[in-house]
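What follows is one structure encoded as structure tokens, with my remarks underneath.
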Amino acid sequence: MEAGSLRIILNAIAVLFVLGLAFGIGLAVAARKLTVKGDPRIDEIEGLLPGANCGGCGYPGCRGMAEAIVAGTGPVTGCPVLKDYSPIAKVMGVETGAVERKIAKVRCAGGLQEARQRFIYFGVEDCQAAQNLGGGPKACTYGCLGLGSCVKACPFGAMTLSANGLPVVDETKCTACGMCVKACPRQLITLWPAAKKVTVLCMNQEKGAAVRPVCKVGCIGCRLCAKNCPSNAITVEHNLARIDPQLCTECEICVEKCPMKTIKSEKKQERAAG
Amino acid sequence: MGLVTFKKGIHPPTNKGLTASLPVEELPLPSQVVLPLGQHIGAPAEPLVEVGAEVTTGQKIAEAKGMVSVPLHASISGKIVAIEPRPHVCGSMVPAIVIESDGADRLTPELTTHPNLDELSAEEIKALMKEAGLVGMGGAAFPTHVKYHPPVGKKVDYILLNGAECEPYLTCDHRLMLEEADDLLLGLQALMKAAGAPRGVIGIEANKPDAIVALKKAAAGLPVSILPLKVKYPQGEEKMLIYAATRRVVPVGALPIEVGVIVNNVATAAAFGRYLRTGLPLVSRIITVTGKGVKNPRNLLVRIGTLVEEVISYCGGFTQAPGRIILGGPMTGPAVYRLDLPVMKGTSGILVQTRAEVEKPPVLPCIRCGRCITACPYNLLPNFLGDYAEHDKLEDAEKYGVMDCRECGSCSYVCPSRRPLLQMIKNAKEKIRAAQKKG
Amino acid sequence: MLETEVVVSPSPHIRAGYNAEGIMWVVVLALVPASVAAVYYFGWPTLTIILASIAAAVLTEAVVVTIMKRPLTIYDGSAVVTGLLLALTLPPTVPVWIPVAGSIFAIIFGKQIYGGLGYNPFNPALIGRAFLLASWPTFMVNWVWPEGALGWAKAEALAGATMEAAGTAADAVAGATALGLWRQGITGIPYLQLYFGNIAGSLGETSALAILLGGLFLLIVKIIDWRIPFTYLGTVLLLAFLMGEDPLFHLLAGGLLFGAFFMATDYVTTPVTPWGRVFFGFGCGLLTMLIRKFGGFPEGVCYSILLMNITTPLLDRWTAPKRFGEVKANG
């Protein structure tokens, strides 16, 4: 190798070395000088949070939640994803009771096969957009629009749109962060105790005569479920049955009695599948 | 010919040949009319009558509620059979007064005429606008009298009548200018007097030469000029029309009054003229029933409140199972899914497209061709606004002027990827407005 | 009541009579003259190069979208355009696996890796070419003159105007492009020969006539905007003049015309705003002349367009047009 080219190579290495050293020192000084002194508990709690930054807690990401917990403005149990809050409680030196695990439940069973469409919708694949356009294609003005805004909103990939045009929640992946609840323009999704398997899958508050023509599985407010419930867990208001999950014993009598098959039990489905 | 116009815009096929040469026919008296209390922008009117009452044509049956509102008049004589929520173009049920016809069309005895403008003061004319139930008849249905209460210190130089009719297919304003030129000019003079405007201008797209000639003849000797406009969409959009006619630019977020202009539709002026001459308030209007899906396309004079199905069956019904039914023009009119909707004060037409015309367009990603930018007359960047809207980046959307969009739809029209840009933009606007209301 | 369901969709309810697929095929059509010129000057093997490049691009696209479970996009014509553009930037001597490798790389790493059509920041065809130039440089600079095209050199040599030894004239020019020769100080190719394309160079870049035919066609049918090609070419002309070079030679030689009309006008990777396009064209022209004059390669069209592709988002942001009725921001 010629001496000239060797010198060029050495020069390049030297220049890079000096530059690297200068920038390194600069960064080190900046890190020292500009550092913000924070409560170390913030970092500790952030480490305990899931780190998915789903926003389900209402704070800007997990760091925001951690800051709020340390500042005392956010509840220790604020993260909807965690199942066990005791590590955070320990950091903060407080006690938490056992927290019931919840999952998202879509309260509509009227998919493409069961519910009538009043028109064919062409447009943006977004439930709110469809809702704004003539009230949406579904004849039932309470039911699921089936364009999957909740599916897109789910940060955990726990929701899929079935071939029947209804969102399906994967219970193993659902963390009850509540993003789908916010995304649904018809407020169809609720966070429901995961252990309770009997639910009313309808939100239609019209009288039965108005429900029957638009949906085969809509609640007609007939009260058969409420009358037959041995634990008084069901009330019918505005032509719509509601189950109080705290009182429900999952005896499934309502499931049997419901003439529209609006009340469904997943236990039953699991049994059938198993 | 040096026709005046605005910058940018699009050239959709006008398709006006279906009805342009057909004189206006009067639709036979409908058996019933449905009159929504909220046919206009603003507060709905309040009913003055009760179910069971007998009413006569032109009788006031609902009173304006507040400033931005107009009264409602019975468009036929007969009996009030219901005051209840009825289907509305917006998709939900809206309170409406339903009148069953007695077949006689008896006029209300209270009609008073005001053919002589010299006897009226500006304030009186403004009050009459409201009494006539006058709203913008080009589609927006904004109460007319509200425009005539400018902020203190604003002088009105021009009353600009919109006869552009830039929406494809529609010919109702074209026929109206030909057939009701005298009422139109009487109305215009009244509007000019109300605003204290020295001049009136009627802007007409050059594809209606007969209307231009007819109005020029009728306006001879009046301080009114007829202005031929280049055929381009959206020539009839308020701010574009003002720019074309006066070279004045209405600032973003401001009203035309800011540059000394008030714009009204030609149909609105004609309706006002008719009211002054005959005393009959806004109880009927001309609509264009057109499209490949209708057997006999026509220009019709219909009573407000006539149901769409009645109009369609008068026109011979559908040629085939309809693909899409639009109330108004194809660029801005809403598509509807039922026929028991009433023709309202702002309904300019019924357009029926066939199945073949509404094949579902596969939506592709934006290829950044820039056609929407070339088309947007407001100099917005619709492709970016659409992207921001799609990803809920509302702050960016607002920064790049999403609220200045006037929803002409030119961007969606030209998009080769068939992206529903206008719908995305409308969604973003709605979300931003909702957030503003909250916070 | 209605007996059948109707469609409800957002306004407008009418659409212009063209679509993205159609536009792509029109671009393919506009590239036909350049392709024909390539076959005319460099013989039938060039057709194999072109077809292999297109086939590889389309197949790669099909495989990738299938694996990634995206909708099948090969009918939108964009892969065909990429394959064809890439082929036309290659020397006529390349073995047939070169365009295949280039197309595969262009589709995967120039386009699909970013999410497919509409999302790629760089012109895929140029990414493919840059990849080939970096990986197999010997194949990529192996130029050849069309048969009988060197008459000018002999004439020049005999006249003794620019070359010293008459005997070596043909040998010296045989393996270089017009720009390569210019770098060595050899000039004198007749303009008309450059214009018709009877010279050494990449398949599609030699014939100015064929490129202008296609380019003007795209301008007339309003597929491309005049701003980028005109500012690009104008900048090169001006800079060549200022640098004391022959502007017309720089316009006609190399890949400038091809790049200006077909590469710098790619929708996805260039600015959308009118002024953004002007600056883009100017930047391309500036970089091209800088590379030609001072760079390591005699030709700089490919890299200057790729470099300007990076600036596209910024240019769009900086040149957002003033809104209609926008008053000066008061705060």
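By convention here, the chains of the structure tokens are called A, B, ... in the order presented, each chain's residues are numbered starting at 1, and ligands are numbered starting at 1 in the order presented.
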| request: Excluding region 302-304 of chain B and residues on its chain fewer than 5 positions from it, collect all residues at most 6 Å away from it, counting only C-alpha atoms, and give them as a count of residues only. | output: 7
| message | Based on only C-alpha atoms, which of the residues in chain A come within 12 Å of chain C? I want them as a PyMOL selection string. | response | chain A and resi 116-125+129-139
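Of the listed residues B:Pro12, B:Gly103, B:Pro281, B:Gly196, the one whose atoms come nearest to Leu72 (chain B) is B:Pro281, with distances taken using only C-alpha atoms.
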| field | Distance-based interface of chain B with chain A, 7 Å, counting only C-alpha atoms, as a PyMOL selection string | value | chain B and resi 90-92+337+360+420+427
Selection export as a short mmCIF file (atom, residue, chain, number, x, y, z; two decimals), in the first residue's frame, atoms kept: N, CA and C atoms:
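File produced: part03.cif:
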```
data_model
loop_
_atom_site.label_atom_id
_atom_site.label_comp_id
_atom_site.auth_asym_id
_atom_site.auth_seq_id
_atom_site.Cartn_x
_atom_site.Cartn_y
_atom_site.Cartn_z
N CYS B 90 -81.96 13.66 7.06
CA CYS B 90 -80.77 13.45 7.89
C CYS B 90 -80.67 12.01 8.39
N GLY B 91 -81.73 11.22 8.24
CA GLY B 91 -81.65 9.83 8.65
C GLY B 91 -82.43 9.54 9.91
N SER B 92 -82.66 10.56 10.73
CA SER B 92 -83.43 10.30 11.94
C SER B 92 -84.84 10.86 11.78
N TYR B 337 -82.45 6.58 1.50
CA TYR B 337 -82.78 5.17 1.34
C TYR B 337 -84.26 4.90 1.48
N LYS B 360 -69.54 -0.34 -6.57
CA LYS B 360 -68.72 0.02 -5.42
C LYS B 360 -67.28 0.26 -5.86
N PRO B 420 -62.72 8.53 -0.48
CA PRO B 420 -63.82 9.41 -0.07
C PRO B 420 -63.28 10.57 0.75
N ASN B 427 -65.80 14.20 8.56
CA ASN B 427 -65.68 13.54 9.86
C ASN B 427 -64.75 14.31 10.78
#
```
| Contacts of region 30-45 of chain B at 6 Å (only C-alpha atoms; same-chain gap of 4+ positions) as an NGL selection string | :B and (62-65 or 68-69 or 71 or 95-101 or 141-142 or 305-306 or 342)
| Got a sec to tell me which of region 9-193 of chain C DSSP assigns to alpha helix (DSSP H), as a PyMOL selection string? | chain C and resi 20-30+32-42+45-67+78-88+97-110+124-135+137-140+151-159+169-174+178-183+191-193
Under the rule of at most 6 Å, produce a per-residue listing of chain C near chain B: chain, number, name, the closest pair of atoms, and the distance in Å, as a Markdown table, using only C-alpha atoms.
```
| residue | atom | partner | partner_atom | distance |
| --- | --- | --- | --- | --- |
| C:Met1 | CA | B:Leu339 | CA | 6.0 |
| C:Val6 | CA | B:Gly323 | CA | 5.2 |
| C:Val7 | CA | B:Arg324 | CA | 5.1 |
| C:Val8 | CA | B:Ala335 | CA | 5.2 |
| C:Ser11 | CA | B:Thr332 | CA | 5.3 |
| C:Pro12 | CA | B:Met331 | CA | 4.0 |
| C:His13 | CA | B:Pro330 | CA | 5.0 |
| C:Arg15 | CA | B:Tyr413 | CA | 4.5 |
| C:Ala16 | CA | B:Val414 | CA | 5.4 |
| C:Asn19 | CA | B:Pro416 | CA | 3.9 |
| C:Ala20 | CA | B:Pro416 | CA | 4.7 |
| C:Gly118 | CA | B:Ile367 | CA | 4.5 |
| C:Tyr267 | CA | B:Cys369 | CA | 4.9 |
| C:Val268 | CA | B:Arg368 | CA | 5.1 |
| C:Val272 | CA | B:Gly370 | CA | 4.9 |
| C:Arg323 | CA | B:Asn379 | CA | 4.8 |
| C:Phe324 | CA | B:Tyr378 | CA | 4.6 |
| C:Gly325 | CA | B:Pro251 | CA | 4.0 |
| C:Glu326 | CA | B:Val252 | CA | 5.5 |
```
Save out the residues we just selected, all heavy atoms, as a short mmCIF file (atom, residue, chain, number, x, y, z; two decimals), in the first residue's frame.
```
data_model
loop_
_atom_site.label_atom_id
_atom_site.label_comp_id
_atom_site.auth_asym_id
_atom_site.auth_seq_id
_atom_site.Cartn_x
_atom_site.Cartn_y
_atom_site.Cartn_z
N MET C 1 -93.02 2.29 -1.09
CA MET C 1 -91.67 2.07 -0.55
C MET C 1 -90.77 1.39 -1.58
O MET C 1 -91.22 0.83 -2.55
CB MET C 1 -91.75 1.17 0.69
CG MET C 1 -91.79 1.86 2.04
SD MET C 1 -90.86 3.37 2.14
CE MET C 1 -89.21 2.78 2.41
N VAL C 6 -81.10 0.35 -1.65
CA VAL C 6 -80.33 1.27 -2.48
C VAL C 6 -79.02 1.57 -1.78
O VAL C 6 -78.82 1.20 -0.63
CB VAL C 6 -81.09 2.59 -2.74
CG1 VAL C 6 -82.26 2.36 -3.65
CG2 VAL C 6 -81.50 3.23 -1.45
N VAL C 7 -78.15 2.22 -2.49
CA VAL C 7 -76.85 2.57 -1.93
C VAL C 7 -76.94 3.95 -1.30
O VAL C 7 -77.52 4.87 -1.89
CB VAL C 7 -75.78 2.56 -3.04
CG1 VAL C 7 -74.49 3.18 -2.54
CG2 VAL C 7 -75.55 1.15 -3.53
N VAL C 8 -76.40 4.07 -0.11
CA VAL C 8 -76.23 5.39 0.47
C VAL C 8 -74.73 5.59 0.65
O VAL C 8 -74.05 4.75 1.22
CB VAL C 8 -76.96 5.52 1.82
CG1 VAL C 8 -76.56 6.81 2.51
CG2 VAL C 8 -78.45 5.49 1.60
N SER C 11 -71.57 12.23 -0.50
CA SER C 11 -71.41 12.99 -1.72
C SER C 11 -69.93 13.29 -1.91
O SER C 11 -69.19 13.32 -0.94
CB SER C 11 -72.22 14.28 -1.63
OG SER C 11 -71.72 15.08 -0.57
N PRO C 12 -69.45 13.53 -3.09
CA PRO C 12 -70.17 13.54 -4.37
C PRO C 12 -70.50 12.13 -4.87
O PRO C 12 -69.80 11.19 -4.55
CB PRO C 12 -69.19 14.22 -5.31
CG PRO C 12 -67.85 13.95 -4.74
CD PRO C 12 -68.04 13.90 -3.26
N HIS C 13 -71.57 12.07 -5.65
CA HIS C 13 -72.04 10.78 -6.13
C HIS C 13 -71.60 10.49 -7.55
O HIS C 13 -72.04 9.53 -8.16
CB HIS C 13 -73.56 10.73 -6.03
CG HIS C 13 -74.05 11.02 -4.65
ND1 HIS C 13 -73.86 10.15 -3.61
CD2 HIS C 13 -74.66 12.10 -4.12
CE1 HIS C 13 -74.37 10.68 -2.50
NE2 HIS C 13 -74.85 11.86 -2.78
N ARG C 15 -68.00 10.49 -10.10
CA ARG C 15 -66.54 10.49 -10.06
C ARG C 15 -65.99 10.73 -11.45
O ARG C 15 -66.62 10.38 -12.44
CB ARG C 15 -66.02 9.13 -9.55
CG ARG C 15 -66.41 8.81 -8.11
CD ARG C 15 -65.81 9.84 -7.17
NE ARG C 15 -65.99 9.46 -5.79
CZ ARG C 15 -64.99 9.10 -4.99
NH1 ARG C 15 -63.76 9.05 -5.44
NH2 ARG C 15 -65.22 8.81 -3.73
N ALA C 16 -64.79 11.30 -11.50
CA ALA C 16 -64.14 11.51 -12.78
C ALA C 16 -63.91 10.17 -13.46
O ALA C 16 -63.79 9.14 -12.80
CB ALA C 16 -62.82 12.23 -12.56
N ASN C 19 -58.96 6.40 -13.34
CA ASN C 19 -58.59 5.89 -12.02
C ASN C 19 -57.10 5.59 -11.98
O ASN C 19 -56.40 5.70 -12.99
CB ASN C 19 -59.41 4.65 -11.68
CG ASN C 19 -59.34 3.62 -12.77
OD1 ASN C 19 -58.26 3.33 -13.27
ND2 ASN C 19 -60.47 3.08 -13.16
N ALA C 20 -56.65 5.23 -10.81
CA ALA C 20 -55.20 5.06 -10.60
C ALA C 20 -54.65 3.98 -11.53
O ALA C 20 -53.56 4.14 -12.10
CB ALA C 20 -54.93 4.70 -9.14
N GLY C 118 -47.91 3.97 -2.73
CA GLY C 118 -48.40 5.17 -2.04
C GLY C 118 -47.62 5.49 -0.79
O GLY C 118 -47.72 6.59 -0.26
N TYR C 267 -45.47 10.07 -8.98
CA TYR C 267 -46.38 10.75 -8.03
C TYR C 267 -45.97 10.56 -6.58
O TYR C 267 -45.89 11.50 -5.79
CB TYR C 267 -47.79 10.17 -8.16
CG TYR C 267 -48.53 10.55 -9.40
CD1 TYR C 267 -49.49 9.69 -9.93
CD2 TYR C 267 -48.32 11.77 -10.02
CE1 TYR C 267 -50.21 10.03 -11.05
CE2 TYR C 267 -49.05 12.12 -11.14
CZ TYR C 267 -49.99 11.25 -11.66
OH TYR C 267 -50.72 11.59 -12.75
N VAL C 268 -45.75 9.28 -6.23
CA VAL C 268 -45.65 8.94 -4.83
C VAL C 268 -44.46 9.61 -4.15
O VAL C 268 -44.55 10.04 -3.01
CB VAL C 268 -45.56 7.41 -4.67
CG1 VAL C 268 -45.37 7.03 -3.22
CG2 VAL C 268 -46.82 6.76 -5.24
N VAL C 272 -46.40 17.25 -3.87
CA VAL C 272 -47.73 17.42 -4.46
C VAL C 272 -48.08 18.89 -4.67
O VAL C 272 -48.96 19.21 -5.45
CB VAL C 272 -48.82 16.76 -3.60
CG1 VAL C 272 -48.74 15.26 -3.72
CG2 VAL C 272 -48.74 17.19 -2.16
N ARG C 323 -54.25 29.51 1.72
CA ARG C 323 -55.67 29.20 1.56
C ARG C 323 -56.42 30.36 0.92
O ARG C 323 -56.03 31.52 1.10
CB ARG C 323 -56.29 28.89 2.91
CG ARG C 323 -56.00 27.50 3.38
CD ARG C 323 -56.47 27.36 4.79
NE ARG C 323 -55.33 27.31 5.70
CZ ARG C 323 -55.43 27.55 6.99
NH1 ARG C 323 -56.57 27.87 7.52
NH2 ARG C 323 -54.37 27.47 7.76
N PHE C 324 -57.52 30.04 0.26
CA PHE C 324 -58.36 31.07 -0.33
C PHE C 324 -58.93 31.94 0.79
O PHE C 324 -59.59 31.45 1.70
CB PHE C 324 -59.51 30.43 -1.11
CG PHE C 324 -60.40 31.43 -1.79
CD1 PHE C 324 -60.08 31.95 -3.03
CD2 PHE C 324 -61.57 31.86 -1.17
CE1 PHE C 324 -60.89 32.86 -3.65
CE2 PHE C 324 -62.40 32.79 -1.78
CZ PHE C 324 -62.05 33.29 -3.03
N GLY C 325 -58.62 33.22 0.73
CA GLY C 325 -59.15 34.13 1.76
C GLY C 325 -58.34 34.12 3.04
O GLY C 325 -58.78 34.69 4.03
N GLU C 326 -57.16 33.49 2.98
CA GLU C 326 -56.35 33.45 4.19
C GLU C 326 -55.75 34.83 4.45
O GLU C 326 -55.14 35.43 3.58
CB GLU C 326 -55.23 32.43 4.05
CG GLU C 326 -54.46 32.22 5.32
CD GLU C 326 -53.44 31.08 5.18
OE1 GLU C 326 -53.28 30.57 4.06
OE2 GLU C 326 -52.84 30.73 6.18
#
```
| message | Give me, as a ChimeraX atom specification, all polymer residues having an atom no more than 12 Å from Arg242 (chain A), counting only C-alpha atoms and skipping those fewer than 6 positions away in the same chain. | response | /A:107,198-205,219,221,223,225-226,229,232-236,248,254,262-263
| task | Go through A:Ile9, A:Cys154, A:Val18, A:Ala71 one by one, measure the shortest atom-to-atom distance of each to Ala52 (chain A) using only C-alpha atoms, and give the residue with the smallest value. | result | A:Cys154
| request: Report as a PyMOL selection string: the residues of region 199-249 of chain A with a DSSP assignment of strand (DSSP E or B), based on the backbone of this structure. | output: chain A and resi 199-200+215+234-237+240-243
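Shortest atom-to-atom contact with Ala30 (chain C) among C:Ile104, C:Ala134, C:Val81, C:Ile113: C:Val81, counting only C-alpha atoms.
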| task | In Å, rounded to a single decimal, give me how far CA of Ala181 (chain B) is from CA of Arg274 (chain B). | result | 10.7 Å
| task | May I have the residues within 8 Å of Thr190 (chain A) as a VMD selection string, using only C-alpha atoms and disregarding those fewer than 3 positions away in the same chain? | result | chain A and resid 104 to 107 181 187
Same residues, N, CA and C atoms, output as a compact mmCIF listing (two decimals), in the first residue's frame:
```txt
# COMPACT_ATOMS: atom_id res chain seq x y z
N ALA A 104 -64.16 -6.76 27.72
CA ALA A 104 -65.11 -6.01 26.89
C ALA A 104 -66.19 -6.94 26.38
N LYS A 105 -67.43 -6.44 26.43
CA LYS A 105 -68.55 -7.25 25.95
C LYS A 105 -69.34 -6.40 24.96
N VAL A 106 -69.50 -6.91 23.75
CA VAL A 106 -70.27 -6.19 22.73
C VAL A 106 -71.74 -6.61 22.87
N ARG A 107 -72.58 -5.66 23.23
CA ARG A 107 -73.96 -6.01 23.53
C ARG A 107 -74.86 -5.90 22.30
N VAL A 181 -64.61 0.73 24.04
CA VAL A 181 -65.80 1.37 24.62
C VAL A 181 -65.90 2.80 24.10
N GLN A 187 -72.20 3.21 21.84
CA GLN A 187 -72.01 2.80 23.24
C GLN A 187 -72.48 1.37 23.49
```
| said: When you look at Arg101 (chain A) with a cut-off of 10 Å (counting only C-alpha atoms), what residues show up, excluding the ones that are within fewer than 5 positions of it in the same chain? I need them as a PyMOL selection string. | reply: chain A and resi 80-84+175-176+191-195
Can those selected residues be exported to a file as a PDB file, in the first residue's frame so that it contains C-alpha atoms?
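New file out_37.pdb:
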```
ATOM      1  CA  PRO A  80     -57.240  -1.247  33.459  1.00  0.00           C
ATOM      2  CA  VAL A  81     -54.836  -3.793  32.082  1.00  0.00           C
ATOM      3  CA  LEU A  82     -53.066  -5.031  35.192  1.00  0.00           C
ATOM      4  CA  LYS A  83     -54.611  -7.860  37.133  1.00  0.00           C
ATOM      5  CA  ASP A  84     -52.607  -7.497  40.299  1.00  0.00           C
ATOM      6  CA  THR A 175     -57.310  -6.344  29.053  1.00  0.00           C
ATOM      7  CA  ALA A 176     -60.427  -4.219  29.561  1.00  0.00           C
ATOM      8  CA  LEU A 191     -66.614  -3.730  30.587  1.00  0.00           C
ATOM      9  CA  TRP A 192     -68.208  -6.784  32.111  1.00  0.00           C
ATOM     10  CA  PRO A 193     -66.947  -9.152  34.849  1.00  0.00           C
ATOM     11  CA  ALA A 194     -65.065 -11.889  33.040  1.00  0.00           C
ATOM     12  CA  ALA A 195     -66.444 -14.524  35.366  1.00  0.00           C
TER      13      ALA A 195
END
```
| request: For Leu315 (chain C), please output as a list in words all residues within 10 Å (counting only C-alpha atoms; exclusion window: fewer than 3 positions along the same chain). | output: Thr270, Pro271, Val272, Thr273, Trp275, Gly276, Arg277, Val278, Phe279, Phe280, Met308, Asn309, Ile310, Thr311, Thr312, Trp318, Thr319 and Ala320 of chain C
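The space separating CA of Ala210 (chain C) from CA of Phe139 (chain C) comes to 25.0 Å.
The gap separating CA of Cys57 (chain A) from CA of Thr73 (chain A) is 12.4 Å, in Å to one decimal.
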